[in-house]
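Okay, run.csv is below, CSV, C-alpha atoms:
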chain,number,residue,atom,x,y,z
A,1,MET,CA,15.6,-33.1,-25.0
A,2,GLU,CA,15.9,-29.7,-23.4
A,3,THR,CA,13.8,-29.2,-20.3
A,4,SER,CA,12.9,-25.8,-19.0
A,5,ILE,CA,14.0,-24.5,-15.6
A,6,LYS,CA,10.4,-24.3,-14.5
A,7,GLN,CA,10.0,-28.0,-15.1
A,8,LYS,CA,13.2,-28.7,-13.3
A,9,ILE,CA,12.0,-26.7,-10.3
A,10,LYS,CA,8.6,-28.6,-10.2
A,11,ILE,CA,10.4,-31.9,-10.3
A,12,ALA,CA,12.9,-30.7,-7.7
A,13,SER,CA,9.9,-29.8,-5.5
A,14,LEU,CA,8.5,-33.4,-5.9
A,15,ILE,CA,11.8,-34.9,-5.0
A,16,ARG,CA,12.1,-32.7,-1.9
A,17,GLU,CA,8.6,-33.7,-0.8
A,18,GLN,CA,9.5,-37.4,-1.1
A,19,LEU,CA,12.7,-36.9,0.8
A,20,CYS,CA,10.7,-35.2,3.6
A,21,LEU,CA,8.5,-38.3,3.7
A,22,LEU,CA,11.5,-40.5,3.8
A,23,GLN,CA,12.8,-38.6,6.8
A,24,ASP,CA,9.4,-39.0,8.5
A,25,HIS,CA,9.4,-42.7,7.7
A,26,ARG,CA,12.9,-43.0,9.2
A,27,LEU,CA,11.9,-41.2,12.4
A,28,ARG,CA,8.9,-43.5,12.8
A,29,GLU,CA,11.3,-46.4,12.3
A,30,VAL,CA,13.6,-45.0,15.0
A,31,GLN,CA,10.6,-44.9,17.3
A,32,ARG,CA,9.7,-48.5,16.6
A,33,LEU,CA,13.2,-49.8,17.1
A,34,ILE,CA,13.6,-47.9,20.3
A,35,TYR,CA,10.3,-49.4,21.5
A,36,VAL,CA,11.7,-52.8,20.8
A,37,VAL,CA,14.8,-52.0,22.8
A,38,CYS,CA,12.8,-50.6,25.7
A,39,THR,CA,10.4,-53.6,25.7
A,40,ASN,CA,13.3,-56.0,25.9
A,41,LEU,CA,14.7,-54.0,28.9
A,42,GLU,CA,11.3,-53.9,30.6
A,43,GLN,CA,11.1,-57.7,30.2
A,44,LEU,CA,14.6,-58.1,31.6
A,45,GLN,CA,13.7,-55.9,34.6
A,46,ALA,CA,10.5,-57.9,35.2
A,47,GLY,CA,12.6,-61.1,34.9
A,48,ARG,CA,15.1,-59.8,37.4
A,49,LYS,CA,12.3,-59.2,40.0
A,50,SER,CA,10.8,-62.6,39.4
A,51,LEU,CA,14.3,-64.2,39.7
A,52,GLU,CA,14.7,-62.4,43.1
A,53,TYR,CA,11.4,-63.9,44.2
A,54,CYS,CA,12.4,-67.4,43.0
A,55,GLY,CA,15.7,-67.1,44.9
A,56,TYR,CA,13.8,-66.1,48.1
A,57,HIS,CA,11.6,-69.2,47.8
A,58,ASN,CA,14.3,-71.6,46.4
A,59,TRP,CA,12.3,-72.3,43.3
A,60,HIS,CA,15.2,-73.5,41.2
A,61,GLY,CA,13.1,-74.9,38.3
A,62,ALA,CA,11.3,-71.6,37.8
A,63,ALA,CA,14.6,-69.8,38.1
A,64,ALA,CA,16.2,-71.9,35.4
A,65,ARG,CA,13.3,-71.2,33.0
A,66,LEU,CA,13.5,-67.5,33.8
A,67,THR,CA,17.3,-67.3,33.2
A,68,THR,CA,16.8,-69.0,29.8
A,69,GLN,CA,14.3,-66.4,28.9
A,70,MET,CA,16.5,-63.6,30.1
A,71,GLU,CA,19.5,-65.1,28.2
A,72,ASN,CA,17.4,-64.9,24.9
A,73,LYS,CA,16.5,-61.3,25.6
A,74,LEU,CA,20.1,-60.4,26.3
A,75,ARG,CA,21.1,-62.0,23.0
A,76,ASP,CA,18.5,-60.0,21.0
A,77,LEU,CA,19.3,-56.7,22.7
A,78,PRO,CA,22.6,-55.8,21.0
A,79,TYR,CA,21.0,-56.4,17.6
A,80,ALA,CA,18.0,-54.3,18.4
A,81,ALA,CA,20.2,-51.5,19.8
A,82,GLU,CA,22.5,-51.6,16.7
A,83,GLN,CA,19.5,-51.4,14.4
A,84,ALA,CA,18.2,-48.4,16.3
A,85,GLN,CA,21.6,-46.7,16.3
A,86,GLN,CA,21.9,-47.2,12.5
A,87,MET,CA,18.5,-45.8,11.8
A,88,ILE,CA,19.2,-42.8,14.0
A,89,LYS,CA,22.4,-42.2,12.0
A,90,ASN,CA,20.2,-42.4,8.8
A,91,THR,CA,18.0,-39.6,10.1
A,92,LYS,CA,21.0,-37.3,10.6
A,93,ILE,CA,20.9,-36.2,7.0
A,94,SER,CA,20.2,-32.6,6.2
A,95,LEU,CA,17.5,-32.2,3.6
A,96,PRO,CA,18.7,-30.6,0.4
A,97,THR,CA,17.2,-27.3,-0.6
A,98,LEU,CA,15.1,-26.8,-3.7
A,99,ARG,CA,17.9,-24.9,-5.3
A,100,GLN,CA,20.4,-27.7,-4.6
A,101,ILE,CA,18.1,-30.3,-6.1
A,102,THR,CA,17.5,-28.1,-9.2
A,103,GLU,CA,21.2,-27.8,-9.6
A,104,GLU,CA,21.4,-31.6,-9.5
A,105,LEU,CA,19.0,-31.8,-12.4
A,106,ILE,CA,20.9,-29.2,-14.4
A,107,GLN,CA,24.1,-31.1,-13.8
A,108,LEU,CA,22.3,-34.3,-14.8
A,109,GLN,CA,21.3,-32.8,-18.1
A,110,ASN,CA,24.9,-31.7,-18.7
A,111,GLU,CA,26.4,-35.1,-17.8
A,112,PHE,CA,24.1,-37.1,-20.0
A,113,GLY,CA,23.2,-34.6,-22.7
A,114,SER,CA,19.6,-35.7,-22.5
A,115,LEU,CA,17.0,-35.3,-19.7
A,116,GLU,CA,13.3,-36.2,-19.7
A,117,LEU,CA,11.1,-35.0,-16.9
A,118,ASP,CA,7.6,-36.5,-16.7
A,119,LEU,CA,5.5,-34.5,-14.2
A,120,GLU,CA,2.5,-36.7,-14.5
A,121,GLU,CA,4.3,-40.0,-14.0
A,122,GLN,CA,6.8,-38.3,-11.6
A,123,THR,CA,9.8,-39.8,-13.3
A,124,ILE,CA,13.2,-38.6,-14.5
A,125,SER,CA,14.9,-40.3,-17.4
A,126,VAL,CA,18.3,-40.1,-19.2
A,127,LEU,CA,19.8,-42.1,-22.0
A,128,THR,CA,23.2,-43.7,-21.9
A,129,ASP,CA,25.5,-44.0,-24.8
A,130,PRO,CA,25.5,-47.4,-26.5
A,131,ILE,CA,27.0,-50.0,-24.2
A,132,GLU,CA,29.3,-52.8,-25.3
A,133,LEU,CA,30.8,-55.2,-22.8
A,134,GLU,CA,33.6,-57.6,-23.8
A,135,GLY,CA,32.6,-57.4,-27.4
A,136,VAL,CA,28.9,-58.0,-26.8
A,137,TYR,CA,26.8,-55.1,-28.0
A,138,LEU,CA,23.9,-54.2,-25.6
A,139,GLY,CA,22.7,-50.9,-27.0
A,140,GLU,CA,21.5,-47.8,-25.3
A,141,PHE,CA,19.7,-47.8,-22.0
A,142,GLU,CA,17.2,-45.4,-20.5
A,143,ILE,CA,17.8,-44.9,-16.8
A,144,ARG,CA,14.5,-43.9,-15.2
A,145,LEU,CA,14.0,-42.8,-11.6
A,146,ASP,CA,10.6,-43.1,-10.1
A,147,ILE,CA,10.4,-40.2,-7.7
A,148,GLY,CA,7.3,-41.6,-6.0
A,149,LYS,CA,9.4,-44.5,-4.6
A,150,LEU,CA,12.0,-42.2,-2.9
A,151,ALA,CA,10.0,-42.0,0.3
A,152,GLN,CA,10.2,-45.8,0.8
A,153,LEU,CA,13.8,-46.0,-0.3
A,154,ARG,CA,14.7,-49.7,0.3
A,155,ASP,CA,16.5,-50.9,-2.7
A,156,CYS,CA,17.5,-49.9,-6.2
A,157,THR,CA,14.0,-50.6,-7.6
A,158,VAL,CA,13.6,-46.9,-7.6
A,159,PHE,CA,15.5,-47.1,-10.8
A,160,GLN,CA,14.3,-48.8,-14.0
A,161,VAL,CA,16.8,-49.6,-16.7
A,162,ILE,CA,15.1,-50.0,-20.1
A,163,ALA,CA,16.9,-51.2,-23.1
A,164,GLN,CA,16.3,-48.9,-26.1
A,165,ASP,CA,17.7,-51.3,-28.7
A,166,PRO,CA,17.4,-54.7,-26.8
A,167,HIS,CA,20.1,-57.3,-27.4
A,168,PRO,CA,19.0,-59.7,-24.6
A,169,ALA,CA,20.6,-62.9,-23.6
A,170,ALA,CA,19.7,-65.8,-25.9
A,171,ALA,CA,18.4,-67.8,-23.0
A,172,ASN,CA,16.2,-65.1,-21.5
A,173,ASP,CA,14.6,-62.1,-23.2
A,174,SER,CA,14.1,-60.2,-19.9
A,175,ILE,CA,17.8,-60.0,-19.3
A,176,THR,CA,19.0,-57.1,-21.4
A,177,HIS,CA,22.3,-56.6,-19.6
A,178,PRO,CA,24.3,-59.0,-17.4
A,179,HIS,CA,23.2,-57.0,-14.3
A,180,VAL,CA,19.7,-56.1,-15.4
A,181,SER,CA,16.7,-58.3,-15.1
A,182,GLU,CA,13.1,-57.4,-15.8
A,183,GLU,CA,14.3,-53.8,-16.2
A,184,TYR,CA,15.7,-53.6,-12.7
A,185,ILE,CA,19.4,-53.3,-12.0
A,186,CYS,CA,21.3,-55.1,-9.3
A,187,ALA,CA,23.7,-52.5,-8.0
A,188,GLY,CA,26.1,-54.9,-6.2
A,189,ASP,CA,29.1,-52.9,-5.0
A,190,GLY,CA,27.4,-49.6,-5.7
A,191,ILE,CA,24.3,-50.2,-3.5
A,192,ALA,CA,25.5,-48.3,-0.5
A,193,ALA,CA,26.7,-45.2,-2.4
A,194,LEU,CA,23.5,-45.3,-4.5
A,195,MET,CA,21.2,-45.3,-1.5
A,196,GLN,CA,23.2,-42.6,0.2
A,197,ALA,CA,23.1,-40.4,-2.9
A,198,LEU,CA,19.4,-40.7,-3.3
A,199,ALA,CA,18.7,-40.2,0.4
A,200,THR,CA,20.6,-36.9,0.4
A,201,GLY,CA,19.1,-35.7,-2.9
A,202,ARG,CA,22.2,-36.1,-4.9
A,203,ILE,CA,20.2,-37.2,-7.9
A,204,CYS,CA,22.9,-36.7,-10.5
A,205,ASP,CA,25.4,-38.8,-8.5
A,206,ALA,CA,22.8,-41.6,-8.3
A,207,PHE,CA,22.3,-41.6,-12.0
A,208,LEU,CA,26.1,-41.6,-12.6
A,209,LEU,CA,26.5,-44.5,-10.3
A,210,VAL,CA,23.9,-46.5,-12.2
A,211,LYS,CA,25.7,-45.6,-15.4
A,212,SER,CA,29.0,-46.9,-13.9
A,213,ILE,CA,27.3,-50.2,-13.0
A,214,LEU,CA,26.0,-50.6,-16.6
A,215,GLU,CA,29.4,-49.9,-18.0
A,216,THR,CA,31.1,-52.5,-15.9
A,217,TYR,CA,30.9,-56.3,-16.3
A,218,ASN,CA,31.2,-58.4,-13.1
A,219,PRO,CA,31.9,-61.9,-14.4
A,220,SER,CA,31.5,-63.5,-11.0
A,221,SER,CA,27.9,-62.5,-10.5
A,222,PRO,CA,25.9,-61.8,-13.7
A,223,TYR,CA,22.3,-62.9,-14.3
A,224,ILE,CA,23.7,-64.5,-17.5
A,225,SER,CA,27.4,-64.4,-18.3
A,226,LEU,CA,28.6,-62.8,-21.5
A,227,ASP,CA,30.1,-66.1,-22.6
A,228,GLU,CA,26.6,-67.5,-22.9
A,229,TRP,CA,25.0,-64.3,-24.1
A,230,GLU,CA,24.8,-64.9,-27.8
A,231,GLY,CA,23.8,-68.2,-29.5
A,232,ILE,CA,20.8,-70.4,-29.8
A,233,SER,CA,19.0,-71.5,-26.7
A,234,CYS,CA,17.8,-75.1,-26.5
A,235,TYR,CA,14.0,-75.2,-26.4
A,236,ASP,CA,14.1,-77.9,-23.7
A,237,CYS,CA,16.9,-77.2,-21.3
A,238,GLY,CA,17.8,-73.6,-22.2
A,239,TYR,CA,21.5,-74.3,-22.8
A,240,VAL,CA,23.0,-71.8,-25.2
A,241,THR,CA,25.0,-73.1,-28.0
A,242,ASP,CA,26.2,-72.0,-31.4
A,243,GLU,CA,24.6,-73.0,-34.8
A,244,GLU,CA,26.9,-76.0,-35.1
A,245,GLY,CA,25.9,-77.3,-31.8
A,246,SER,CA,22.1,-77.0,-32.3
A,247,TYR,CA,19.7,-79.4,-34.0
A,248,TYR,CA,16.3,-78.8,-35.6
A,249,CYS,CA,13.5,-81.1,-34.8
A,250,GLU,CA,11.1,-81.5,-37.7
A,251,SER,CA,8.5,-83.0,-35.6
A,252,CYS,CA,7.9,-80.0,-33.2
A,253,ASP,CA,9.7,-77.3,-35.3
A,254,GLN,CA,12.0,-76.3,-32.4
A,255,VAL,CA,15.8,-76.1,-31.9
A,256,PHE,CA,17.6,-78.2,-29.4
A,257,CYS,CA,21.1,-78.8,-28.0
A,258,GLY,CA,23.0,-82.1,-28.6
A,259,GLU,CA,22.0,-83.5,-25.2
A,260,CYS,CA,18.3,-83.0,-25.8
A,261,PHE,CA,18.4,-84.4,-29.4
A,262,SER,CA,18.4,-88.1,-30.4
A,263,TYR,CA,17.0,-90.4,-33.0
A,264,CYS,CA,14.4,-93.2,-33.4
A,265,ARG,CA,16.1,-96.6,-33.0
A,266,SER,CA,13.6,-98.2,-35.3
A,267,CYS,CA,13.6,-95.8,-38.3
A,268,ASP,CA,16.7,-93.7,-37.6
A,269,SER,CA,14.7,-90.4,-37.9
A,270,SER,CA,16.4,-87.6,-35.9
A,271,MET,CA,14.3,-85.7,-33.5
A,272,CYS,CA,14.3,-84.2,-30.0
A,273,ARG,CA,13.9,-86.4,-26.9
A,274,CYS,CA,10.5,-84.9,-26.2
A,275,CYS,CA,9.1,-86.2,-29.5
A,276,LEU,CA,10.5,-89.6,-28.8
A,277,SER,CA,9.0,-92.2,-26.5
A,278,GLU,CA,10.6,-95.1,-24.8
A,279,CYS,CA,9.5,-98.5,-25.9
A,280,PRO,CA,8.4,-100.3,-22.6
A,281,VAL,CA,9.9,-103.5,-23.8
A,282,CYS,CA,13.4,-102.7,-25.2
A,283,GLU,CA,13.5,-99.2,-23.6
A,284,GLU,CA,14.9,-97.7,-26.8
A,285,PRO,CA,13.8,-94.2,-27.9
A,286,THR,CA,11.2,-94.6,-30.6
A,287,CYS,CA,9.2,-92.1,-32.7
A,288,GLY,CA,5.4,-92.1,-32.8
A,289,SER,CA,5.3,-93.6,-36.3
A,290,CYS,CA,7.3,-96.6,-35.1
A,291,LEU,CA,5.1,-97.4,-32.1
A,292,SER,CA,2.1,-99.7,-32.5
A,293,LYS,CA,-0.5,-100.9,-30.1
A,294,CYS,CA,-0.6,-104.5,-28.9
A,295,SER,CA,-3.9,-105.9,-30.2
A,296,GLU,CA,-4.4,-107.6,-26.8
A,297,CYS,CA,-3.4,-105.1,-24.1
A,298,ASP,CA,-3.3,-101.9,-26.1
A,299,GLU,CA,0.2,-101.0,-24.9
A,300,SER,CA,2.3,-99.0,-27.4
A,301,VAL,CA,5.6,-100.8,-28.3
A,302,CYS,CA,8.1,-100.4,-31.1
A,303,VAL,CA,7.6,-102.3,-34.3
A,304,SER,CA,10.7,-104.4,-33.6
A,305,CYS,CA,9.2,-105.7,-30.3
A,306,LEU,CA,5.8,-106.4,-31.7
A,307,ILE,CA,5.3,-110.1,-32.7
A,308,ASP,CA,2.2,-110.9,-34.8
A,309,GLY,CA,0.6,-107.7,-33.6
A,310,LEU,CA,1.2,-108.6,-29.9
A,311,CYS,CA,3.7,-107.4,-27.3
A,312,PRO,CA,6.1,-110.0,-26.0
A,313,SER,CA,4.1,-110.5,-22.7
A,314,CYS,CA,0.8,-111.1,-24.5
A,315,LYS,CA,2.5,-113.3,-27.1
A,316,GLU,CA,4.0,-115.4,-24.4
A,317,GLU,CA,0.6,-115.6,-22.6
A,318,MET,CA,-1.1,-116.6,-25.8
A,319,GLU,CA,1.5,-119.2,-26.5
A,320,ALA,CA,1.1,-120.6,-23.0
A,321,ASP,CA,-2.7,-120.7,-23.4
A,322,ASP,CA,-2.4,-122.4,-26.8
A,323,GLU,CA,0.0,-125.0,-25.3
A,324,GLU,CA,-2.4,-125.6,-22.5
A,325,GLU,CA,-5.3,-126.1,-24.9
A,326,LYS,CA,-3.2,-128.5,-27.0
A,327,ILE,CA,-2.4,-130.6,-24.0
A,328,GLU,CA,-6.1,-130.7,-22.9
A,329,THR,CA,-7.1,-131.7,-26.4
A,330,GLU,CA,-4.5,-134.5,-26.5
A,331,GLN,CA,-5.6,-135.8,-23.1
A,332,HIS,CA,-9.3,-135.7,-24.2
A,333,VAL,CA,-8.5,-137.6,-27.3
A,334,ALA,CA,-6.5,-140.2,-25.3
B,1,MET,CA,40.1,-23.7,4.5
B,2,LYS,CA,37.2,-26.1,4.2
B,3,ILE,CA,35.7,-28.0,1.3
B,4,LEU,CA,32.8,-30.4,0.9
B,5,TRP,CA,34.1,-33.8,-0.1
B,6,ILE,CA,31.7,-36.4,-1.5
B,7,ASN,CA,33.2,-39.8,-2.1
B,8,ASN,CA,30.8,-42.0,-4.1
B,9,ASP,CA,33.1,-45.0,-3.7
B,10,GLY,CA,32.0,-47.3,-0.9
B,11,GLY,CA,29.5,-45.7,1.5
B,12,GLY,CA,29.1,-42.5,-0.5
B,13,PHE,CA,29.2,-40.2,2.5
B,14,ALA,CA,29.8,-36.4,2.4
B,15,SER,CA,32.0,-34.6,4.8
B,16,TYR,CA,33.7,-31.2,5.3
B,17,VAL,CA,37.4,-31.5,5.1
B,18,GLU,CA,40.1,-29.0,6.1
B,19,ILE,CA,42.7,-28.4,3.4
B,20,ASN,CA,45.8,-26.3,2.9
B,21,GLU,CA,45.7,-23.4,0.6
B,22,ASN,CA,47.0,-23.9,-3.0
B,23,ILE,CA,46.3,-27.6,-3.1
B,24,SER,CA,45.4,-28.9,-6.5
B,25,VAL,CA,42.5,-31.3,-7.0
B,26,GLU,CA,44.9,-33.9,-8.2
B,27,LYS,CA,46.9,-33.7,-5.0
B,28,PHE,CA,43.8,-33.7,-2.9
B,29,PHE,CA,42.5,-36.8,-4.7
B,30,ILE,CA,45.8,-38.6,-4.0
B,31,GLN,CA,45.5,-37.7,-0.3
B,32,GLN,CA,41.9,-38.9,0.0
B,33,LEU,CA,42.1,-42.0,-2.2
B,34,PRO,CA,45.7,-43.2,-2.0
B,35,GLY,CA,46.3,-46.1,-4.4
B,36,CYS,CA,43.4,-45.1,-6.7
B,37,GLN,CA,43.8,-43.7,-10.2
B,38,ALA,CA,42.1,-40.4,-10.9
B,39,GLU,CA,41.3,-41.8,-14.4
B,40,ASP,CA,39.0,-44.4,-12.7
B,41,TYR,CA,36.8,-41.6,-11.3
B,42,LEU,CA,34.5,-38.9,-12.5
B,43,ILE,CA,35.7,-35.8,-10.6
B,44,ARG,CA,33.6,-32.7,-10.4
B,45,ILE,CA,34.2,-29.4,-8.6
B,46,ASN,CA,31.0,-27.5,-8.0
B,47,ARG,CA,29.3,-29.8,-10.5
B,48,GLN,CA,31.7,-29.0,-13.3
B,49,PRO,CA,34.6,-31.0,-14.8
B,50,VAL,CA,38.0,-29.3,-14.1
B,51,ALA,CA,41.6,-29.7,-15.1
B,52,ARG,CA,43.8,-31.8,-12.8
B,53,ASP,CA,45.8,-28.8,-11.8
B,54,TYR,CA,42.8,-26.8,-10.6
B,55,VAL,CA,43.5,-25.2,-7.3
B,56,LEU,CA,40.8,-25.8,-4.7
B,57,GLN,CA,39.0,-22.8,-3.2
B,58,ASP,CA,37.3,-22.4,0.1
B,59,GLY,CA,33.8,-23.8,0.1
B,60,ASP,CA,34.3,-25.9,-3.1
B,61,ARG,CA,32.1,-29.0,-3.5
B,62,VAL,CA,34.3,-31.9,-4.7
B,63,THR,CA,32.7,-35.2,-5.8
B,64,ALA,CA,34.4,-38.4,-7.0
B,65,THR,CA,32.3,-41.1,-8.6
B,66,PRO,CA,33.9,-44.4,-9.8
B,67,VAL,CA,33.4,-45.1,-13.5
B,68,LYS,CA,33.5,-48.8,-12.9
B,69,ILE,CA,31.3,-50.4,-10.3
B,70,GLU,CA,30.5,-54.2,-10.3
B,71,GLY,CA,26.9,-55.0,-10.2
B,72,ALA,CA,25.8,-58.4,-8.9
B,73,VAL,CA,22.8,-60.8,-8.9
B,74,VAL,CA,22.3,-60.7,-5.2
B,75,CYS,CA,21.7,-57.2,-4.0
B,76,GLY,CA,19.9,-55.3,-1.3
B,77,ALA,CA,20.0,-52.0,0.5
Represent the structure contained in this file as structure tokens.
Amino acid sequence: METSIKQKIKIASLIREQLCLLQDHRLREVQRLIYVVCTNLEQLQAGRKSLEYCGYHNWHGAAARLTTQMENKLRDLPYAAEQAQQMIKNTKISLPTLRQITEELIQLQNEFGSLELDLEEQTISVLTDPIELEGVYLGEFEIRLDIGKLAQLRDCTVFQVIAQDPHPAAANDSITHPHVSEEYICAGDGIAALMQALATGRICDAFLLVKSILETYNPSSPYISLDEWEGISCYDCGYVTDEEGSYYCESCDQVFCGECFSYCRSCDSSMCRCCLSECPVCEEPTCGSCLSKCSECDESVCVSCLIDGLCPSCKEEMEADDEEEKIETEQHVA
Amino acid sequence: MKILWINNDGGGFASYVEINENISVEKFFIQQLPGCQAEDYLIRINRQPVARDYVLQDGDRVTATPVKIEGAVVCGA
């Protein structure tokens, strides 16, 4: 879609506004971090005076406690100083001009062939070409930048990656790309360059970096690997298998892997393990139809374990009672 | 003469670099990213694609963006 220069300038203006806010935020962060460093130093200074006092009075116990506290402060100090130093470095970025940002948007349109600017939602969107990784077709993706999130630039959630023709992983609908989950990309090796590009207003570079990530497969750290992308997901454990390795349960109308599928030991009917129960007597998997309640204790046992409508325990008890009664009767007669 | 060099590989920092006259973009790339292949990068001069034998001019803006970047599950700024 062709966007007018006027629209580009308006969007460029919004971007510049956000980058100014980002700069303000970073300067406030510098103040906070310097405050932490100064507070630590003040506490060390106070500790030093107290230590001098302890030394004068030979208060060794108090001195030991003080030195422990000071040791902790000294340990924290380099980290706090480094954080402050890094944040100061982050502020030394010259803000791009409106013209420079507009040129970024023009280049963005040229690179992708498509550019959508939404002034109301404050977003910039482009479409990638269809992506296929290692023979797995994933379709086109819309890369969308939320301008409003630039001021708080913390991670790559400023970008959304929306599948236009979703071919998600069989095990999880929300994973439309090995490095995209819930429409958010995980930039991995590209994160530093991406953040730097956004912070300096190099919008086109940022989009190109996202595109590079989408067009690369990292087999050592995907949400779901491409080996397990296509197939049938087990309804119980989520394991992805092919058609040959999956089994249909007529009882619950779902598909399962071999591990989650079994059969009733009484009637040989095949079904998933969830639809089978374990007979408390023989501990064999049994379907609902082959379980019957003991007329005495009401426990459900398999038909093989039921004797005269009783479970073995109740049967034994009944036989023992009968035997006892028989003996009593014989004694009475005698 | 001086050009603006933006390397989007790694930290993605921009810096002004002094270069000799009559240096082609290909030679400049080899100097800045030894061991890397130009084919693995999107190279733009003043936001435009150029031929590898393009001779750099004073004030040119040169960017190199890797075409392959590995994403990962664990990420953070």
Please find the residues of chain B near chain A - the criterion being any atom within 10 Å, counting all atoms listed in the file - and write them as a VMD selection string.
chain B and resid 6 to 14 41 to 42 46 to 49 63 to 77
Which one is closest to Leu56 in chain B: B:Phe28, B:Asp40, B:Leu33, B:Tyr16? Count all atoms listed in the file.
B:Phe28
Selection near Pro166 in chain A, 10 Å with only C-alpha atoms, sequence-local residues under 3 positions removed, as a PyMOL selection string:
chain A and resi 137-141+162-163+169+173-177
Polymer residues at most 9 Å from range 89-94 of chain A, all atoms listed in the file, same-chain spacing of 4 or more positions, as a PyMOL selection string
chain A and resi 23-24+26-27+30+84-85+199-200
Coordinates-based distance that separates CA of Gln86 in chain A from CA of Arg32 in chain A (Å, one decimal):
12.9 Å
For the atom pair CA of Ala62 in chain A and CA of Thr39 in chain A, what is the interatomic distance in Å to one decimal place?
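Rounded to one decimal, the two atoms are 21.7 Å apart.
Close contacts of Lys2 in chain B, defined as residues with an atom at most 12 Å away when counting only C-alpha atoms, with chain neighbours fewer than 3 positions off set aside, comprise Trp5, Ser15, Tyr16, Val17, Glu18, Ile19, Asn20, Glu21, Ile23, Leu56, Gln57, Asp58, Gly59, Asp60, Arg61 and Val62 of chain B.
Taking only C-alpha atoms into account, the residues near (13.4, -36.5, -8.1), no farther than 7 Å, are Ile11, Ala12, Leu14, Ile15, Ile124, Ile147 and Ile203 of chain A.
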To one decimal place in Å, what is the distance between CA of Gln18 in chain A and CA of Gly148 in chain A?
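Taking CA of Gln18 in chain A as the start and CA of Gly148 in chain A as the end point, the length is 6.8 Å.
For range 281-283 of chain A, the set of protein, DNA and RNA residues having any atom at most 10 Å away, when counting only C-alpha atoms and skipping those fewer than 2 positions along the same chain, is Ser277, Glu278, Cys279, Pro285, Thr286, Ser300, Val301, Cys302, Ser304, Cys305, Leu306, Cys311, Pro312 and Ser313 of chain A.
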Do you know which residues are at most 9 Å from Cys274 in chain A counting only C-alpha atoms, after dropping those on the same chain fewer than 2 positions away, and could you put them as a list of chain:residue names?
A:Asp236, A:Cys252, A:Cys260, A:Phe261, A:Met271, A:Cys272, A:Leu276, A:Ser277
Using only C-alpha atoms, pick whichever of A:Leu41, A:Cys54, A:Ile101, A:Val161 has the shortest atom-to-atom distance to Glu142 in chain A.
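Counting only C-alpha atoms, the residue closest to Glu142 in chain A is A:Val161.
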Which is closer to Pro168 in chain A than all the others in A:Tyr263, A:Trp59, A:Tyr247, A:Trp229, using all atoms listed in the file?
A:Trp229
